[in-house]
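Containing mmCIF, C-alpha atoms: data.cif.
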```cif
data_protein
#
loop_
_atom_site.group_PDB
_atom_site.id
_atom_site.type_symbol
_atom_site.label_atom_id
_atom_site.label_comp_id
_atom_site.auth_asym_id
_atom_site.auth_seq_id
_atom_site.Cartn_x
_atom_site.Cartn_y
_atom_site.Cartn_z
ATOM 1 C CA MET A 1 43.816 -3.411 13.626
ATOM 2 C CA ILE A 2 40.217 -3.173 12.499
ATOM 3 C CA ARG A 3 37.660 -4.139 15.075
ATOM 4 C CA GLU A 4 35.544 -7.238 14.495
ATOM 5 C CA ILE A 5 31.950 -7.313 15.607
ATOM 6 C CA ASP A 6 30.514 -10.793 15.820
ATOM 7 C CA ALA A 7 26.768 -10.410 15.437
ATOM 8 C CA ARG A 8 26.044 -14.020 14.516
ATOM 9 C CA GLY A 9 22.934 -15.379 16.207
ATOM 10 C CA ARG A 10 21.826 -11.908 17.231
ATOM 11 C CA ALA A 11 18.172 -11.093 16.671
ATOM 12 C CA CYS A 12 17.142 -8.154 14.502
ATOM 13 C CA PRO A 13 17.895 -5.268 14.989
ATOM 14 C CA GLN A 14 20.911 -6.057 17.196
ATOM 15 C CA PRO A 15 23.474 -6.365 14.353
ATOM 16 C CA VAL A 16 22.416 -2.955 13.062
ATOM 17 C CA LEU A 17 22.636 -1.365 16.502
ATOM 18 C CA MET A 18 26.083 -2.880 17.142
ATOM 19 C CA THR A 19 27.337 -1.526 13.822
ATOM 20 C CA LYS A 20 25.809 1.880 14.413
ATOM 21 C CA LYS A 21 27.564 2.091 17.767
ATOM 22 C CA ALA A 22 30.939 1.526 16.091
ATOM 23 C CA ILE A 23 30.193 4.073 13.372
ATOM 24 C CA ASP A 24 29.093 6.628 15.943
ATOM 25 C CA ALA A 25 32.336 6.043 17.832
ATOM 26 C CA GLY A 26 34.214 6.851 14.634
ATOM 27 C CA GLU A 27 35.558 3.331 14.141
ATOM 28 C CA ASP A 28 35.869 1.218 11.016
ATOM 29 C CA CYS A 29 34.772 -2.344 11.643
ATOM 30 C CA ILE A 30 34.093 -5.791 10.237
ATOM 31 C CA VAL A 31 30.647 -7.067 11.109
ATOM 32 C CA ILE A 32 29.949 -10.790 10.930
ATOM 33 C CA VAL A 33 26.345 -11.882 10.506
ATOM 34 C CA ASP A 34 24.741 -15.196 9.655
ATOM 35 C CA ASN A 35 21.832 -14.260 7.427
ATOM 36 C CA GLU A 36 21.079 -12.191 4.356
ATOM 37 C CA ALA A 37 18.467 -9.970 5.967
ATOM 38 C CA ALA A 38 20.961 -8.888 8.643
ATOM 39 C CA ARG A 39 23.620 -8.313 5.968
ATOM 40 C CA ASP A 40 21.272 -6.125 3.921
ATOM 41 C CA ASN A 41 20.131 -4.184 6.976
ATOM 42 C CA VAL A 42 23.687 -3.535 8.166
ATOM 43 C CA CYS A 43 24.853 -2.470 4.691
ATOM 44 C CA ARG A 44 21.883 -0.180 4.227
ATOM 45 C CA MET A 45 22.341 1.502 7.583
ATOM 46 C CA ALA A 46 26.101 1.924 7.012
ATOM 47 C CA LYS A 47 25.483 3.550 3.647
ATOM 48 C CA SER A 48 22.829 5.817 5.118
ATOM 49 C CA GLN A 49 25.531 7.039 7.508
ATOM 50 C CA GLY A 50 27.836 7.868 4.616
ATOM 51 C CA CYS A 51 30.047 4.795 5.136
ATOM 52 C CA GLU A 52 31.147 2.209 2.633
ATOM 53 C CA ALA A 53 30.067 -1.376 3.199
ATOM 54 C CA ARG A 54 31.543 -4.366 1.380
ATOM 55 C CA SER A 55 30.225 -7.827 2.051
ATOM 56 C CA GLU A 56 31.969 -11.169 1.508
ATOM 57 C CA GLU A 57 30.331 -14.519 1.946
ATOM 58 C CA GLY A 58 32.036 -17.586 3.339
ATOM 59 C CA ASP A 59 31.642 -20.409 5.888
ATOM 60 C CA GLY A 60 27.908 -19.787 6.052
ATOM 61 C CA CYS A 61 28.262 -16.236 7.199
ATOM 62 C CA PHE A 62 28.796 -12.748 5.832
ATOM 63 C CA ARG A 63 31.721 -10.489 6.680
ATOM 64 C CA ILE A 64 30.852 -6.865 6.086
ATOM 65 C CA THR A 65 33.695 -4.367 6.059
ATOM 66 C CA VAL A 66 32.385 -0.974 7.083
ATOM 67 C CA THR A 67 34.673 1.956 6.443
ATOM 68 C CA ARG A 68 33.996 5.602 6.972
ATOM 69 C CA GLY A 69 34.020 7.218 3.549
ATOM 70 C CA SER A 70 34.880 10.858 2.980
ATOM 71 C CA SER A 71 31.219 11.731 3.302
ATOM 72 C CA ALA A 72 30.838 10.036 6.685
ATOM 73 C CA ARG A 73 29.206 12.032 9.428
ATOM 74 C CA ARG A 74 26.905 13.756 7.088
ATOM 75 C CA GLU A 75 25.235 16.801 8.439
ATOM 76 C CA GLU A 76 22.507 16.130 10.948
ATOM 77 C CA LYS A 77 19.086 15.794 9.426
ATOM 78 C CA SER A 78 17.102 19.000 9.234
ATOM 79 C CA PRO A 79 14.864 19.347 12.276
ATOM 80 C CA VAL A 80 12.450 21.594 10.368
ATOM 81 C CA PRO A 81 8.970 20.069 10.723
ATOM 82 C CA GLY A 82 7.425 19.031 7.430
ATOM 83 C CA ALA A 83 10.770 19.070 5.621
ATOM 84 C CA GLY A 84 11.306 15.316 5.548
ATOM 85 C CA PRO A 85 9.806 12.554 3.428
ATOM 86 C CA THR A 86 6.154 11.564 3.402
ATOM 87 C CA VAL A 87 5.743 8.211 5.091
ATOM 88 C CA VAL A 88 2.640 6.044 4.902
ATOM 89 C CA VAL A 89 2.320 3.459 7.633
ATOM 90 C CA PHE A 90 0.310 0.222 7.324
ATOM 91 C CA PRO A 91 -0.181 -1.498 10.693
ATOM 92 C CA PHE A 92 -3.051 -3.647 9.363
ATOM 93 C CA ASP A 93 -3.879 -5.505 6.170
ATOM 94 C CA ARG A 94 -7.057 -3.450 5.915
ATOM 95 C CA MET A 95 -8.278 0.110 6.210
ATOM 96 C CA GLY A 96 -10.239 1.065 9.282
ATOM 97 C CA THR A 97 -12.315 -1.029 11.634
ATOM 98 C CA GLY A 98 -15.963 -2.009 11.418
ATOM 99 C CA ASP A 99 -15.968 -4.784 8.864
ATOM 100 C CA ASP A 100 -12.875 -6.707 7.822
ATOM 101 C CA ASP A 101 -14.026 -7.524 4.278
ATOM 102 C CA LEU A 102 -14.847 -3.888 3.705
ATOM 103 C CA GLY A 103 -11.507 -2.881 5.207
ATOM 104 C CA ARG A 104 -9.658 -5.153 2.768
ATOM 105 C CA ILE A 105 -11.496 -3.654 -0.200
ATOM 106 C CA LEU A 106 -10.764 -0.149 1.055
ATOM 107 C CA VAL A 107 -7.042 -0.745 1.401
ATOM 108 C CA ARG A 108 -6.936 -2.019 -2.181
ATOM 109 C CA ALA A 109 -8.744 1.089 -3.402
ATOM 110 C CA PHE A 110 -6.397 3.231 -1.305
ATOM 111 C CA LEU A 111 -3.247 1.672 -2.741
ATOM 112 C CA HIS A 112 -4.583 1.925 -6.284
ATOM 113 C CA THR A 113 -5.280 5.608 -5.658
ATOM 114 C CA LEU A 114 -1.825 6.254 -4.165
ATOM 115 C CA GLY A 115 -0.363 5.181 -7.497
ATOM 116 C CA GLU A 116 -2.508 7.683 -9.360
ATOM 117 C CA LEU A 117 -1.851 10.653 -7.121
ATOM 118 C CA SER A 118 0.987 13.083 -7.012
ATOM 119 C CA PRO A 119 3.077 13.463 -5.010
ATOM 120 C CA ARG A 120 3.409 9.798 -4.170
ATOM 121 C CA PRO A 121 4.653 8.674 -0.780
ATOM 122 C CA ASP A 122 8.415 8.526 -0.322
ATOM 123 C CA VAL A 123 8.352 5.619 2.085
ATOM 124 C CA MET A 124 5.760 2.997 2.980
ATOM 125 C CA ILE A 125 6.128 0.963 6.138
ATOM 126 C CA PHE A 126 4.344 -2.327 6.786
ATOM 127 C CA PHE A 127 4.302 -3.952 10.176
ATOM 128 C CA ASN A 128 2.225 -6.381 12.255
ATOM 129 C CA GLY A 129 -0.757 -7.568 10.130
ATOM 130 C CA GLY A 130 0.189 -4.968 7.525
ATOM 131 C CA VAL A 131 3.001 -7.216 6.226
ATOM 132 C CA LYS A 132 0.351 -9.484 4.701
ATOM 133 C CA LEU A 133 -0.217 -6.791 2.062
ATOM 134 C CA ALA A 134 3.310 -7.335 0.737
ATOM 135 C CA THR A 135 3.311 -11.124 0.710
ATOM 136 C CA ASP A 136 2.078 -13.979 -1.476
ATOM 137 C CA GLY A 137 -1.652 -13.936 -2.128
ATOM 138 C CA SER A 138 -2.044 -10.220 -1.521
ATOM 139 C CA GLU A 139 -4.208 -8.390 -4.031
ATOM 140 C CA VAL A 140 -2.036 -5.277 -3.978
ATOM 141 C CA ILE A 141 1.366 -6.670 -4.983
ATOM 142 C CA GLU A 142 1.217 -5.069 -8.426
ATOM 143 C CA ASP A 143 0.303 -1.700 -6.906
ATOM 144 C CA LEU A 144 3.186 -1.927 -4.445
ATOM 145 C CA ARG A 145 5.649 -2.897 -7.153
ATOM 146 C CA ALA A 146 4.514 -0.010 -9.316
ATOM 147 C CA LEU A 147 4.928 2.413 -6.412
ATOM 148 C CA GLU A 148 8.356 0.950 -5.724
ATOM 149 C CA LYS A 149 9.289 1.384 -9.370
ATOM 150 C CA ALA A 150 8.155 4.990 -9.165
ATOM 151 C CA GLY A 151 10.642 5.527 -6.353
ATOM 152 C CA ALA A 152 8.870 4.705 -3.096
ATOM 153 C CA ARG A 153 10.891 2.848 -0.500
ATOM 154 C CA ILE A 154 8.883 -0.050 0.922
ATOM 155 C CA LEU A 155 9.982 -1.294 4.315
ATOM 156 C CA VAL A 156 8.481 -4.516 5.607
ATOM 157 C CA CYS A 157 9.059 -5.481 9.239
ATOM 158 C CA GLY A 158 11.227 -8.623 9.335
ATOM 159 C CA THR A 159 10.166 -9.565 12.845
ATOM 160 C CA CYS A 160 6.543 -9.490 11.722
ATOM 161 C CA LEU A 161 7.193 -11.569 8.573
ATOM 162 C CA ASP A 162 8.956 -14.072 10.784
ATOM 163 C CA PHE A 163 6.095 -14.146 13.271
ATOM 164 C CA PHE A 164 3.535 -14.937 10.569
ATOM 165 C CA GLY A 165 5.882 -17.398 8.811
ATOM 166 C CA LEU A 166 5.896 -15.185 5.700
ATOM 167 C CA LYS A 167 9.591 -14.394 5.348
ATOM 168 C CA GLU A 168 9.944 -16.532 2.208
ATOM 169 C CA LYS A 169 6.747 -15.122 0.770
ATOM 170 C CA LEU A 170 7.641 -11.464 0.517
ATOM 171 C CA ARG A 171 6.681 -10.255 -2.967
ATOM 172 C CA ALA A 172 7.225 -6.493 -2.756
ATOM 173 C CA GLY A 173 9.502 -4.194 -0.781
ATOM 174 C CA MET A 174 12.476 -5.092 1.368
ATOM 175 C CA ILE A 175 12.818 -6.794 4.722
ATOM 176 C CA SER A 176 13.487 -4.132 7.283
ATOM 177 C CA ASN A 177 14.030 -3.785 10.997
ATOM 178 C CA MET A 178 12.863 -1.653 13.892
ATOM 179 C CA TYR A 179 15.951 0.516 13.651
ATOM 180 C CA ASP A 180 15.159 1.536 10.061
ATOM 181 C CA ILE A 181 11.448 1.810 10.792
ATOM 182 C CA ALA A 182 11.825 3.990 13.885
ATOM 183 C CA GLU A 183 14.448 6.191 12.245
ATOM 184 C CA THR A 184 12.311 6.659 9.134
ATOM 185 C CA MET A 185 9.301 7.619 11.235
ATOM 186 C CA LEU A 186 11.271 10.090 13.335
ATOM 187 C CA SER A 187 12.833 11.794 10.314
ATOM 188 C CA ALA A 188 9.546 11.955 8.376
ATOM 189 C CA GLY A 189 8.098 15.268 7.260
ATOM 190 C CA ARG A 190 4.689 13.759 7.743
ATOM 191 C CA ILE A 191 3.284 10.401 8.597
ATOM 192 C CA VAL A 192 0.041 9.048 7.238
ATOM 193 C CA ARG A 193 -1.071 6.145 9.400
ATOM 194 C CA LEU A 194 -3.682 3.898 7.975
ATOM 195 C CA MET B 1 1.038 4.303 -14.153
ATOM 196 C CA THR B 2 -1.663 1.680 -14.316
ATOM 197 C CA ALA B 3 -2.743 2.887 -17.709
ATOM 198 C CA GLU B 4 -3.030 0.014 -20.141
ATOM 199 C CA PRO B 5 -6.247 0.889 -21.906
ATOM 200 C CA PRO B 6 -8.775 0.044 -22.968
ATOM 201 C CA PHE B 7 -10.470 -0.889 -19.719
ATOM 202 C CA SER B 8 -14.103 -1.145 -18.771
ATOM 203 C CA ILE B 9 -15.620 -0.847 -15.335
ATOM 204 C CA VAL B 10 -18.717 -2.269 -13.769
ATOM 205 C CA LEU B 11 -20.544 -0.050 -11.298
ATOM 206 C CA PHE B 12 -22.667 -1.259 -8.403
ATOM 207 C CA ASP B 13 -25.268 0.206 -6.105
ATOM 208 C CA SER B 14 -23.576 -1.206 -3.021
ATOM 209 C CA THR B 15 -20.158 -2.310 -1.868
ATOM 210 C CA SER B 16 -21.444 -5.745 -0.903
ATOM 211 C CA GLU B 17 -22.501 -6.318 -4.505
ATOM 212 C CA ALA B 18 -19.024 -5.303 -5.623
ATOM 213 C CA LEU B 19 -17.572 -7.817 -3.158
ATOM 214 C CA LEU B 20 -19.794 -10.591 -4.445
ATOM 215 C CA ALA B 21 -19.043 -9.698 -8.062
ATOM 216 C CA GLU B 22 -15.329 -9.838 -7.371
ATOM 217 C CA LYS B 23 -15.667 -13.393 -6.086
ATOM 218 C CA LEU B 24 -17.444 -14.337 -9.309
ATOM 219 C CA PHE B 25 -14.775 -12.664 -11.444
ATOM 220 C CA LYS B 26 -12.121 -14.627 -9.600
ATOM 221 C CA LYS B 27 -13.993 -17.871 -10.052
ATOM 222 C CA ALA B 28 -14.476 -17.137 -13.753
ATOM 223 C CA GLY B 29 -10.806 -16.258 -14.163
ATOM 224 C CA ILE B 30 -11.464 -12.781 -15.524
ATOM 225 C CA PRO B 31 -8.479 -10.502 -14.842
ATOM 226 C CA HIS B 32 -9.729 -7.538 -12.867
ATOM 227 C CA LYS B 33 -8.906 -4.944 -10.262
ATOM 228 C CA VAL B 34 -11.004 -3.364 -7.535
ATOM 229 C CA ILE B 35 -10.606 0.418 -7.799
ATOM 230 C CA PRO B 36 -12.413 3.469 -6.448
ATOM 231 C CA VAL B 37 -15.135 4.768 -8.772
ATOM 232 C CA PRO B 38 -13.322 7.372 -10.899
ATOM 233 C CA ARG B 39 -14.089 10.940 -9.907
ATOM 234 C CA HIS B 40 -15.385 11.905 -13.335
ATOM 235 C CA ILE B 41 -18.051 9.211 -13.111
ATOM 236 C CA SER B 42 -19.307 9.794 -9.604
ATOM 237 C CA SER B 43 -18.318 11.773 -6.557
ATOM 238 C CA ASP B 44 -19.854 9.136 -4.307
ATOM 239 C CA CYS B 45 -17.444 7.118 -2.267
ATOM 240 C CA GLY B 46 -17.618 3.752 -3.921
ATOM 241 C CA VAL B 47 -15.620 0.960 -5.445
ATOM 242 C CA CYS B 48 -16.029 -0.611 -8.849
ATOM 243 C CA ILE B 49 -14.339 -3.413 -10.738
ATOM 244 C CA ARG B 50 -12.082 -2.655 -13.660
ATOM 245 C CA PHE B 51 -11.366 -5.247 -16.339
ATOM 246 C CA ASN B 52 -10.069 -5.435 -19.889
ATOM 247 C CA ALA B 53 -12.656 -4.082 -22.290
ATOM 248 C CA SER B 54 -12.196 -7.205 -24.397
ATOM 249 C CA ASP B 55 -13.672 -9.253 -21.503
ATOM 250 C CA THR B 56 -16.898 -7.246 -21.416
ATOM 251 C CA GLY B 57 -18.999 -10.108 -22.761
ATOM 252 C CA ALA B 58 -17.605 -12.591 -20.262
ATOM 253 C CA ALA B 59 -18.018 -10.096 -17.420
ATOM 254 C CA ARG B 60 -21.643 -9.482 -18.274
ATOM 255 C CA ALA B 61 -22.346 -13.199 -18.548
ATOM 256 C CA THR B 62 -20.678 -13.848 -15.201
ATOM 257 C CA LEU B 63 -22.740 -11.281 -13.347
ATOM 258 C CA ASP B 64 -26.088 -11.560 -15.127
ATOM 259 C CA GLY B 65 -28.817 -12.937 -12.933
ATOM 260 C CA ILE B 66 -26.543 -13.263 -9.885
ATOM 261 C CA VAL B 67 -25.387 -9.786 -8.997
ATOM 262 C CA THR B 68 -27.276 -6.580 -9.580
ATOM 263 C CA PHE B 69 -25.025 -4.006 -11.144
ATOM 264 C CA ARG B 70 -25.787 -0.485 -12.211
ATOM 265 C CA SER B 71 -23.888 -0.414 -15.488
ATOM 266 C CA ILE B 72 -20.838 -1.436 -17.425
ATOM 267 C CA THR B 73 -19.027 1.464 -18.982
ATOM 268 C CA SER B 74 -15.738 2.030 -20.728
ATOM 269 C CA LEU B 75 -13.043 3.716 -18.694
ATOM 270 C CA GLU B 76 -11.656 6.708 -20.534
#
```

Please render this file's structure as structure tokens.
Amino acid sequence: MIREIDARGRACPQPVLMTKKAIDAGEDCIVIVDNEAARDNVCRMAKSQGCEARSEEGDGCFRITVTRGSSARREEKSPVPGAGPTVVVFPFDRMGTGDDDLGRILVRAFLHTLGELSPRPDVMIFFNGGVKLATDGSEVIEDLRALEKAGARILVCGTCLDFFGLKEKLRAGMISNMYDIAETMLSAGRIVRL
Amino acid sequence: MTAEPPFSIVLFDSTSEALLAEKLFKKAGIPHKVIPVPRHISSDCGVCIRFNASDTGAARATLDGIVTFRSITSLE
């Protein structure tokens, strides 16, 4: 009998944590969530752990079957410093403090330059005011999309989008959660914080 | 990866002029992008505005008499 985890109504990142707990305990499970962001987050985390995740929709919720594939329990990530991905973190919608207009110009110049440089960042994380860079009306959407196309993973804090009422206005990157964000930061080879 | 030449850029003596010019470009509906001044043009830390070379006339007309700019040059 496969275990069912009812994560409906649970705030981000609870559904992810509940699923992770089952995976860590070596169990297959069916996770039930009530929104797409939670479904995507659970599926992504399961896959990152080497599991298979299949989602079915019905009755206004999603049933995700998580099974441990043959590659489950991948080897632990290398603890060698500097060996992981390069992560650029955007806690603000501008670069530096002093003058906000100047800061907004600088962040645009910075993102343009990131696209021209090599190597490009592997992951970019946007949280708090930083999420505004990835939403409607931002001047850097095209830059972010180009970086994404070139292979960068763009994680945008879902809690923050929600807080600013911007969840429907995301134009680049994917809605993410604190679990993904914290894990990405901790497994980074280096972090560039704007 | 942003290469879709030909582009021109307009250079300014100060960032506040670049900011003002950008507002005018927006108002005039000239497609543009704020970018750092390319290294081969100047090693100063500065921003400039890039636009399609075909809009050079419109760009000049938009800025003339309102914003002081150093020069308009093609971006190679």

For CA of Ala59 (chain B) and CA of His112 (chain A), determine how far apart the two atoms are, in Å to one decimal place.
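A separation of 21.2 Å between them.
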
What is the CA of Arg153 (chain A) to CA of Asn35 (chain A) distance in Å?
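Here the two named atoms are 21.8 Å from each other.
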
Kindly determine which residues of chain B lie within 9 Å of chain A, considering only C-alpha atoms, and give the answer as an MDAnalysis selection string.
chainID B and resid 1:2 15:16 19 33:36 47

Output file for the selection above: C-alpha atoms, as a compact mmCIF listing (two decimals), in the coordinates of the input:
```txt
# COMPACT_ATOMS: atom_id res chain seq x y z
CA MET B 1 1.04 4.30 -14.15
CA THR B 2 -1.66 1.68 -14.32
CA THR B 15 -20.16 -2.31 -1.87
CA SER B 16 -21.44 -5.74 -0.90
CA LEU B 19 -17.57 -7.82 -3.16
CA LYS B 33 -8.91 -4.94 -10.26
CA VAL B 34 -11.00 -3.36 -7.54
CA ILE B 35 -10.61 0.42 -7.80
CA PRO B 36 -12.41 3.47 -6.45
CA VAL B 47 -15.62 0.96 -5.44
```

Please, what distance in Å, to one decimal, runs between CA of Val31 (chain A) and CA of Phe163 (chain A)?
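According to the coordinates, CA of Val31 (chain A) and CA of Phe163 (chain A) are separated by 25.6 Å.
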
Looking at only C-alpha atoms, which of B:Ile41, B:Ile49, B:Leu20, B:Ala28 is the one that sits closest to Ile66 (chain B)?
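Checking each candidate against Ile66 (chain B), we get B:Leu20 as the closest.
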
Give as a list of chain:residue names the residues that the PyMOL selection byres ((chain B and resi 69) around 10) matches when applied to the coordinates above.
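Output from the PyMOL selection byres ((chain B and resi 69) around 10), applied to this file: B:Val10, B:Leu11, B:Phe12, B:Asp13, B:Ser14, B:Glu17, B:Ala18, B:Ala21, B:Cys48, B:Arg60, B:Leu63, B:Asp64, B:Gly65, B:Ile66, B:Val67, B:Thr68, B:Arg70, B:Ser71, B:Ile72.
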
Residues at most 7 Å from Thr65 (chain A), counting all atoms listed in the file, excluding those fewer than 4 positions away in the same chain, as a list in words?
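Answer for this query is Cys29, Ile30, Val31, Ala53, Arg54 and Ser55 of chain A.
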